[in-house]
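Taking it in order: structure first as structure tokens, then the write-up.
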Amino acid sequence: MDSHSLRLFLSLADNLHFGRTSREQHVSPSALSRSIKQLEDELGAALFVRDNRSVRLTREGQQFREYASEVMNGWQAIRQTFMQDQLNLHGELSLYCSVTASYSFLYDILSSFRQDYPRIEMKLHTGDPAKAVERVQQGLEDLAIGALPDSLPGGVEFQSITRSELRFIGPQAPQLLNEEQLRNPTAENWKDVPMILSEEGLARTRTDRWLKNHNIKPRIYAQVSGNEAIVSMVSLGFGIGVVPQIVLDNSPLTARIRIYDIQPPLTAYDIGLFALERRLKDPLIAAFWNRQR
């Protein structure tokens, strides 16, 4: 029994018409019937008498209507109280993320949060996503967005927002990998392939693991900080690189690179929010954290 079920019941009790109620509440007639049947099963009593021409409340239905009205009125009252508490929350939160995250999904998150908590000021800092967990651990940020590492440090909490595949990419021209190299990545095939890799972070760890599994000692042309820099250098033809799909989805250079379908693929990113566990009791941090659930 939940507020949604009670709201459907009260609407049907007012309309005494399944079709009209389903239209007003934007549910299918079958979903409405299942909800009412579930209520009746939980209560152990019929709430409505139904035949081909009419619907009416039973004696138990009339009693339950009074109860449901009181519950929903109480629900609305406590909801209004909580909403007022949200409006009263004020202060400052710092959030760290990559440039890519800031103009992909972060806009929607912050817009929604701003509507609910207009008096909380957000301080946004951008940089290498590989440093997300470290920034939170050092107390430099209240929250950070980044990829879930293979091993999450103790005392750090993570909440997933989205997933993103890791892609091997190369320039449109020249073609740096031929069909044989794509089909059969080996030490001999890849010995002369220039690579542009991250200096550190999860993408570098997973790329190094993939190369080791194929006994490939990479010819590293450059090691850079930031996925955007990798895409830029790859588009200029300096080598192949590895970046998350979310970076490609938002890059102005996408038309200048190609995505290689290399098997087996690299393990995908789980991108989400980091915070120190002990700081989740802070009302401001809790408001942002719980808003994403």
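Following the order of the structure tokens, chains are lettered A, B, ..., residues in each are numbered from 1, and ligands are numbered from 1.
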Q | Residue contacts of A:Val242 (9 Å, only C-alpha atoms) excluding same-chain residues fewer than 2 positions away, as a PyMOL selection string | A | chain A and resi 166-170+195-198+203-204+207+227+230-231+240+244
Using C-alpha atoms, can you write the selected residues to a file as a PDB file, in the first residue's frame?
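Heads up, here's the output in out_38.pdb:
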```pdb
ATOM      1  CA  LEU A 166      35.827   2.684 -23.645  1.00  0.00           C
ATOM      2  CA  ARG A 167      36.749   3.055 -27.312  1.00  0.00           C
ATOM      3  CA  PHE A 168      39.912   2.646 -29.351  1.00  0.00           C
ATOM      4  CA  ILE A 169      40.019   5.608 -31.743  1.00  0.00           C
ATOM      5  CA  GLY A 170      42.210   6.690 -34.653  1.00  0.00           C
ATOM      6  CA  MET A 195      49.670   5.324 -29.225  1.00  0.00           C
ATOM      7  CA  ILE A 196      48.492   8.366 -27.302  1.00  0.00           C
ATOM      8  CA  LEU A 197      47.561   7.365 -23.769  1.00  0.00           C
ATOM      9  CA  SER A 198      46.433   8.956 -20.541  1.00  0.00           C
ATOM     10  CA  ALA A 203      41.432   4.292 -18.877  1.00  0.00           C
ATOM     11  CA  ARG A 204      45.218   3.903 -18.688  1.00  0.00           C
ATOM     12  CA  THR A 207      44.370  -0.126 -21.631  1.00  0.00           C
ATOM     13  CA  ASN A 227      40.503  12.795 -22.714  1.00  0.00           C
ATOM     14  CA  ILE A 230      43.728  12.566 -26.604  1.00  0.00           C
ATOM     15  CA  VAL A 231      40.895  13.135 -29.102  1.00  0.00           C
ATOM     16  CA  ILE A 240      45.550   5.898 -31.799  1.00  0.00           C
ATOM     17  CA  PRO A 244      35.161   6.914 -23.128  1.00  0.00           C
TER      18      PRO A 244
END
```
(Q) To test your reading of the structure, identify every residue in stretch 121-225 of chain A that backbone DSSP assigns to helix (DSSP H, G or I), and report it as number ranges by chain. (A) A: 129-137, 179-183, 187-190, 202-213
Preceding selection exported with N, CA, C and O atoms as a CSV table (one decimal), in the first residue's frame:
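Result file follows (out.csv):
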```csv
chain,number,residue,atom,x,y,z
A,129,PRO,N,39.4,13.8,-14.8
A,129,PRO,CA,38.5,12.9,-14.1
A,129,PRO,C,39.3,11.8,-13.3
A,129,PRO,O,38.7,11.3,-12.3
A,130,ALA,N,40.5,11.5,-13.6
A,130,ALA,CA,41.3,10.5,-12.9
A,130,ALA,C,41.6,11.0,-11.5
A,130,ALA,O,41.9,10.1,-10.6
A,131,LYS,N,41.4,12.3,-11.2
A,131,LYS,CA,41.7,12.8,-9.9
A,131,LYS,C,40.4,13.0,-9.0
A,131,LYS,O,40.5,13.5,-7.9
A,132,ALA,N,39.3,12.5,-9.5
A,132,ALA,CA,38.0,12.7,-8.8
A,132,ALA,C,38.0,12.2,-7.4
A,132,ALA,O,37.7,12.9,-6.4
A,133,VAL,N,38.4,10.9,-7.2
A,133,VAL,CA,38.4,10.3,-5.9
A,133,VAL,C,39.4,11.0,-5.0
A,133,VAL,O,39.1,11.3,-3.8
A,134,GLU,N,40.6,11.3,-5.5
A,134,GLU,CA,41.6,11.9,-4.8
A,134,GLU,C,41.2,13.3,-4.2
A,134,GLU,O,41.5,13.6,-3.1
A,135,ARG,N,40.5,14.0,-5.1
A,135,ARG,CA,40.1,15.4,-4.6
A,135,ARG,C,39.1,15.3,-3.5
A,135,ARG,O,39.1,16.1,-2.6
A,136,VAL,N,38.2,14.3,-3.5
A,136,VAL,CA,37.3,14.1,-2.4
A,136,VAL,C,38.0,13.6,-1.1
A,136,VAL,O,37.8,14.1,0.0
A,137,GLN,N,38.9,12.7,-1.3
A,137,GLN,CA,39.7,12.1,-0.2
A,137,GLN,C,40.5,13.2,0.5
A,137,GLN,O,40.6,13.2,1.8
A,179,GLU,N,43.1,-4.1,-41.5
A,179,GLU,CA,42.2,-5.2,-41.1
A,179,GLU,C,42.8,-6.3,-40.3
A,179,GLU,O,42.3,-6.8,-39.3
A,180,GLU,N,44.1,-6.6,-40.6
A,180,GLU,CA,44.8,-7.7,-39.9
A,180,GLU,C,45.1,-7.3,-38.5
A,180,GLU,O,44.9,-8.1,-37.5
A,181,GLN,N,45.5,-6.0,-38.3
A,181,GLN,CA,45.8,-5.5,-37.0
A,181,GLN,C,44.5,-5.5,-36.1
A,181,GLN,O,44.6,-5.7,-34.9
A,182,LEU,N,43.4,-5.1,-36.7
A,182,LEU,CA,42.1,-5.1,-36.0
A,182,LEU,C,41.6,-6.5,-35.6
A,182,LEU,O,41.1,-6.7,-34.5
A,183,ARG,N,41.8,-7.4,-36.6
A,183,ARG,CA,41.3,-8.7,-36.4
A,183,ARG,C,42.2,-9.6,-35.5
A,183,ARG,O,41.7,-10.4,-34.7
A,187,ALA,N,51.7,-8.7,-30.7
A,187,ALA,CA,52.9,-7.9,-30.5
A,187,ALA,C,53.5,-7.5,-31.8
A,187,ALA,O,54.0,-6.4,-32.0
A,188,GLU,N,53.6,-8.4,-32.7
A,188,GLU,CA,54.2,-8.2,-34.0
A,188,GLU,C,53.4,-7.2,-34.9
A,188,GLU,O,53.9,-6.3,-35.5
A,189,ASN,N,52.0,-7.4,-34.8
A,189,ASN,CA,51.2,-6.5,-35.6
A,189,ASN,C,51.2,-5.1,-35.1
A,189,ASN,O,51.0,-4.1,-35.9
A,190,TRP,N,51.3,-4.9,-33.8
A,190,TRP,CA,51.1,-3.6,-33.2
A,190,TRP,C,52.4,-2.9,-32.8
A,190,TRP,O,52.4,-1.8,-32.2
A,202,LEU,N,41.8,5.4,-14.8
A,202,LEU,CA,41.2,4.1,-15.1
A,202,LEU,C,41.4,3.7,-16.5
A,202,LEU,O,41.6,2.5,-16.8
A,203,ALA,N,41.3,4.6,-17.5
A,203,ALA,CA,41.4,4.3,-18.9
A,203,ALA,C,42.8,3.8,-19.1
A,203,ALA,O,43.0,2.8,-19.9
A,204,ARG,N,43.8,4.4,-18.5
A,204,ARG,CA,45.2,3.9,-18.7
A,204,ARG,C,45.4,2.5,-18.1
A,204,ARG,O,46.0,1.6,-18.7
A,205,THR,N,44.8,2.3,-16.9
A,205,THR,CA,44.9,1.0,-16.3
A,205,THR,C,44.3,-0.1,-17.1
A,205,THR,O,44.9,-1.2,-17.3
A,206,ARG,N,43.1,0.2,-17.7
A,206,ARG,CA,42.4,-0.9,-18.4
A,206,ARG,C,43.1,-1.1,-19.8
A,206,ARG,O,43.1,-2.2,-20.3
A,207,THR,N,43.6,0.0,-20.4
A,207,THR,CA,44.4,-0.1,-21.6
A,207,THR,C,45.6,-0.9,-21.4
A,207,THR,O,46.0,-1.8,-22.2
A,208,ASP,N,46.4,-0.6,-20.4
A,208,ASP,CA,47.6,-1.4,-20.1
A,208,ASP,C,47.3,-2.9,-19.9
A,208,ASP,O,48.1,-3.7,-20.3
A,209,ARG,N,46.2,-3.1,-19.2
A,209,ARG,CA,45.8,-4.5,-19.0
A,209,ARG,C,45.5,-5.2,-20.3
A,209,ARG,O,45.9,-6.4,-20.5
A,210,TRP,N,44.8,-4.5,-21.2
A,210,TRP,CA,44.4,-5.1,-22.5
A,210,TRP,C,45.7,-5.4,-23.3
A,210,TRP,O,45.8,-6.5,-23.9
A,211,LEU,N,46.6,-4.4,-23.3
A,211,LEU,CA,47.8,-4.6,-24.1
A,211,LEU,C,48.7,-5.8,-23.5
A,211,LEU,O,49.2,-6.6,-24.3
A,212,LYS,N,48.7,-5.9,-22.2
A,212,LYS,CA,49.5,-7.0,-21.6
A,212,LYS,C,48.9,-8.3,-21.9
A,212,LYS,O,49.6,-9.3,-22.2
A,213,ASN,N,47.5,-8.4,-21.9
A,213,ASN,CA,46.9,-9.6,-22.2
A,213,ASN,C,47.2,-10.1,-23.7
A,213,ASN,O,47.1,-11.3,-24.0
```
Q.
Residues of stretch 157-262 of chain A classed as strand (DSSP E or B) by DSSP on the backbone are to be reported as an MDAnalysis selection string.
A. chainID A and resid 157:164 166:171 194:198 219:224 240:244 257:260
Q: With a distance cut-off of 6 Å and only C-alpha atoms, select the neighbouring residues of A:Thr126, excluding the residue or stretch itself and same-chain residues fewer than 2 positions from it, and output the selection as number ranges by chain.
A: A: 96-99
Go ahead and write the residues just picked, C-alpha atoms, as an mmCIF file, in the first residue's frame.
```cif
data_model
loop_
_atom_site.group_PDB
_atom_site.id
_atom_site.type_symbol
_atom_site.label_atom_id
_atom_site.label_comp_id
_atom_site.auth_asym_id
_atom_site.auth_seq_id
_atom_site.Cartn_x
_atom_site.Cartn_y
_atom_site.Cartn_z
ATOM 1 C CA TYR A 96 34.658 18.445 -9.242
ATOM 2 C CA CYS A 97 34.264 16.850 -12.673
ATOM 3 C CA SER A 98 35.754 16.697 -16.153
ATOM 4 C CA VAL A 99 34.994 19.277 -18.827
#
```
Q.
List the spatial neighbours of stretch 18-33 of chain A as a PyMOL selection string - criterion: any atom at most 10 Å away, only C-alpha atoms, same-chain residues fewer than 5 positions off excluded.
A. chain A and resi 4-5+7-13+38-39+50+54-55
Write to file, as an mmCIF file, in the first residue's frame, the residues of the selection just made, with all heavy atoms.
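Below is the file that was written, out_22.cif:
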```
data_model
loop_
_atom_site.group_PDB
_atom_site.id
_atom_site.type_symbol
_atom_site.label_atom_id
_atom_site.label_comp_id
_atom_site.auth_asym_id
_atom_site.auth_seq_id
_atom_site.Cartn_x
_atom_site.Cartn_y
_atom_site.Cartn_z
ATOM 1 N N HIS A 4 0.570 6.151 -4.233
ATOM 2 C CA HIS A 4 0.023 6.023 -5.582
ATOM 3 C C HIS A 4 -1.251 5.188 -5.575
ATOM 4 O O HIS A 4 -2.262 5.561 -6.201
ATOM 5 C CB HIS A 4 1.072 5.398 -6.499
ATOM 6 C CG HIS A 4 0.605 5.203 -7.915
ATOM 7 N ND1 HIS A 4 0.288 6.256 -8.741
ATOM 8 C CD2 HIS A 4 0.390 4.060 -8.634
ATOM 9 C CE1 HIS A 4 -0.104 5.783 -9.924
ATOM 10 N NE2 HIS A 4 -0.049 4.466 -9.873
ATOM 11 N N SER A 5 -1.228 4.067 -4.867
ATOM 12 C CA SER A 5 -2.414 3.208 -4.786
ATOM 13 C C SER A 5 -3.570 3.929 -4.118
ATOM 14 O O SER A 5 -4.725 3.819 -4.558
ATOM 15 C CB SER A 5 -2.072 1.934 -4.011
ATOM 16 O OG SER A 5 -1.068 1.196 -4.651
ATOM 17 N N ARG A 7 -4.051 7.147 -4.027
ATOM 18 C CA ARG A 7 -4.534 8.199 -4.915
ATOM 19 C C ARG A 7 -5.458 7.620 -5.987
ATOM 20 O O ARG A 7 -6.503 8.214 -6.302
ATOM 21 C CB ARG A 7 -3.351 8.918 -5.560
ATOM 22 C CG ARG A 7 -3.759 10.115 -6.405
ATOM 23 C CD ARG A 7 -2.572 11.012 -6.725
ATOM 24 N NE ARG A 7 -1.499 10.293 -7.393
ATOM 25 C CZ ARG A 7 -0.329 9.983 -6.843
ATOM 26 N NH1 ARG A 7 -0.081 10.329 -5.578
ATOM 27 N NH2 ARG A 7 0.600 9.331 -7.513
ATOM 28 N N LEU A 8 -5.119 6.449 -6.517
ATOM 29 C CA LEU A 8 -5.984 5.800 -7.494
ATOM 30 C C LEU A 8 -7.312 5.405 -6.870
ATOM 31 O O LEU A 8 -8.380 5.578 -7.482
ATOM 32 C CB LEU A 8 -5.282 4.568 -8.082
ATOM 33 C CG LEU A 8 -4.054 4.810 -8.956
ATOM 34 C CD1 LEU A 8 -3.475 3.484 -9.429
ATOM 35 C CD2 LEU A 8 -4.398 5.686 -10.150
ATOM 36 N N PHE A 9 -7.245 4.865 -5.656
ATOM 37 C CA PHE A 9 -8.480 4.468 -4.970
ATOM 38 C C PHE A 9 -9.395 5.664 -4.743
ATOM 39 O O PHE A 9 -10.600 5.605 -5.007
ATOM 40 C CB PHE A 9 -8.150 3.809 -3.622
ATOM 41 C CG PHE A 9 -9.349 3.691 -2.727
ATOM 42 C CD1 PHE A 9 -10.307 2.704 -2.925
ATOM 43 C CD2 PHE A 9 -9.547 4.601 -1.689
ATOM 44 C CE1 PHE A 9 -11.436 2.618 -2.110
ATOM 45 C CE2 PHE A 9 -10.661 4.524 -0.868
ATOM 46 C CZ PHE A 9 -11.607 3.531 -1.079
ATOM 47 N N LEU A 10 -8.842 6.773 -4.248
ATOM 48 C CA LEU A 10 -9.660 7.953 -3.955
ATOM 49 C C LEU A 10 -10.260 8.531 -5.236
ATOM 50 O O LEU A 10 -11.410 8.997 -5.232
ATOM 51 C CB LEU A 10 -8.823 9.011 -3.237
ATOM 52 C CG LEU A 10 -8.466 8.694 -1.782
ATOM 53 C CD1 LEU A 10 -7.472 9.719 -1.242
ATOM 54 C CD2 LEU A 10 -9.727 8.667 -0.919
ATOM 55 N N SER A 11 -9.514 8.504 -6.317
ATOM 56 C CA SER A 11 -10.045 9.004 -7.582
ATOM 57 C C SER A 11 -11.199 8.135 -8.062
ATOM 58 O O SER A 11 -12.239 8.636 -8.510
ATOM 59 C CB SER A 11 -8.943 9.040 -8.642
ATOM 60 O OG SER A 11 -9.437 9.514 -9.871
ATOM 61 N N LEU A 12 -11.045 6.820 -7.952
ATOM 62 C CA LEU A 12 -12.112 5.903 -8.357
ATOM 63 C C LEU A 12 -13.320 6.040 -7.437
ATOM 64 O O LEU A 12 -14.473 5.965 -7.883
ATOM 65 C CB LEU A 12 -11.596 4.468 -8.369
ATOM 66 C CG LEU A 12 -12.592 3.391 -8.823
ATOM 67 C CD1 LEU A 12 -13.119 3.689 -10.223
ATOM 68 C CD2 LEU A 12 -11.946 2.004 -8.774
ATOM 69 N N ALA A 13 -13.061 6.254 -6.148
ATOM 70 C CA ALA A 13 -14.164 6.440 -5.209
ATOM 71 C C ALA A 13 -14.962 7.696 -5.539
ATOM 72 O O ALA A 13 -16.176 7.751 -5.307
ATOM 73 C CB ALA A 13 -13.617 6.523 -3.780
ATOM 74 N N GLN A 38 -5.110 -5.295 -5.589
ATOM 75 C CA GLN A 38 -4.046 -5.470 -4.602
ATOM 76 C C GLN A 38 -4.445 -4.873 -3.256
ATOM 77 O O GLN A 38 -4.184 -5.455 -2.202
ATOM 78 C CB GLN A 38 -2.759 -4.825 -5.100
ATOM 79 C CG GLN A 38 -1.567 -5.062 -4.187
ATOM 80 C CD GLN A 38 -0.278 -4.497 -4.744
ATOM 81 O OE1 GLN A 38 -0.255 -3.935 -5.825
ATOM 82 N NE2 GLN A 38 0.799 -4.635 -3.996
ATOM 83 N N LEU A 39 -5.088 -3.695 -3.293
ATOM 84 C CA LEU A 39 -5.573 -3.089 -2.046
ATOM 85 C C LEU A 39 -6.579 -3.995 -1.368
ATOM 86 O O LEU A 39 -6.530 -4.202 -0.143
ATOM 87 C CB LEU A 39 -6.214 -1.727 -2.334
ATOM 88 C CG LEU A 39 -5.295 -0.516 -2.510
ATOM 89 C CD1 LEU A 39 -6.124 0.709 -2.871
ATOM 90 C CD2 LEU A 39 -4.496 -0.253 -1.238
ATOM 91 N N ARG A 50 -18.857 -4.136 -8.438
ATOM 92 C CA ARG A 50 -18.790 -3.839 -9.854
ATOM 93 C C ARG A 50 -19.708 -4.756 -10.638
ATOM 94 O O ARG A 50 -19.755 -5.967 -10.383
ATOM 95 C CB ARG A 50 -17.362 -4.028 -10.365
ATOM 96 C CG ARG A 50 -16.379 -2.968 -9.936
ATOM 97 C CD ARG A 50 -14.954 -3.463 -9.913
ATOM 98 N NE ARG A 50 -14.644 -4.088 -8.604
ATOM 99 C CZ ARG A 50 -13.438 -4.427 -8.197
ATOM 100 N NH1 ARG A 50 -12.409 -4.226 -8.976
ATOM 101 N NH2 ARG A 50 -13.263 -4.967 -7.004
ATOM 102 N N SER A 54 -22.431 -0.373 -13.482
ATOM 103 C CA SER A 54 -22.149 0.582 -12.410
ATOM 104 C C SER A 54 -21.025 0.103 -11.496
ATOM 105 O O SER A 54 -20.673 -1.084 -11.481
ATOM 106 C CB SER A 54 -23.416 0.822 -11.573
ATOM 107 O OG SER A 54 -23.780 -0.367 -10.884
ATOM 108 N N VAL A 55 -20.482 1.066 -10.772
ATOM 109 C CA VAL A 55 -19.467 0.809 -9.747
ATOM 110 C C VAL A 55 -19.905 1.574 -8.506
ATOM 111 O O VAL A 55 -20.265 2.758 -8.585
ATOM 112 C CB VAL A 55 -18.073 1.301 -10.191
ATOM 113 C CG1 VAL A 55 -17.058 1.098 -9.073
ATOM 114 C CG2 VAL A 55 -17.622 0.586 -11.453
#
```
Q: Kindly give the distance, in Å, that separates atom CA of A:Leu280 and atom CA of A:Val156, rounded to a single decimal.
A: 10.1 Å
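Atom CA of A:Gln159 to atom CA of A:Ala229 spans 27.2 Å [interatomic distance, one decimal].
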Q: Would you please work out which residue, of A:Pro252, A:Gly44, A:Pro185, A:Pro218, is nearest to A:Ser232 when using only C-alpha atoms?
A: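 Selected residue with least distance to A:Ser232: A:Pro252.
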Q: Would you work out the distance separating atom CA of A:Glu157 from atom CA of A:Glu200, expressed in Å to one decimal?
A: 21.5 Å
Q | Given only C-alpha atoms as the counted atoms, nearest of A:Glu277, A:Asp282, A:Asp270, A:Asp108 to A:Leu148 | A |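 Using only C-alpha atoms, A:Leu148 sits closest to A:Asp270.
If only C-alpha atoms are the atoms counted, then among A:Leu95, A:Leu124, A:Ile109, A:Ala255 the closest residue to A:Gln292 is A:Ile109.
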Q: Could you tell me which of A:Lys217, A:Arg291, A:Asp2, A:Gly61 comes closest to A:Arg114 if we count only C-alpha atoms?
A: A:Arg291
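With distances taken over only C-alpha atoms, A:Asn88 is the one residue among A:Asn88, A:Asn15, A:Ser94, A:Ser35 lying closest to A:Tyr117.
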Q. When distances are computed from only C-alpha atoms, which of A:Ala286, A:Pro194, A:Ser104, A:Asp41 shows the smallest separation from A:Leu248?
A. A:Ser104
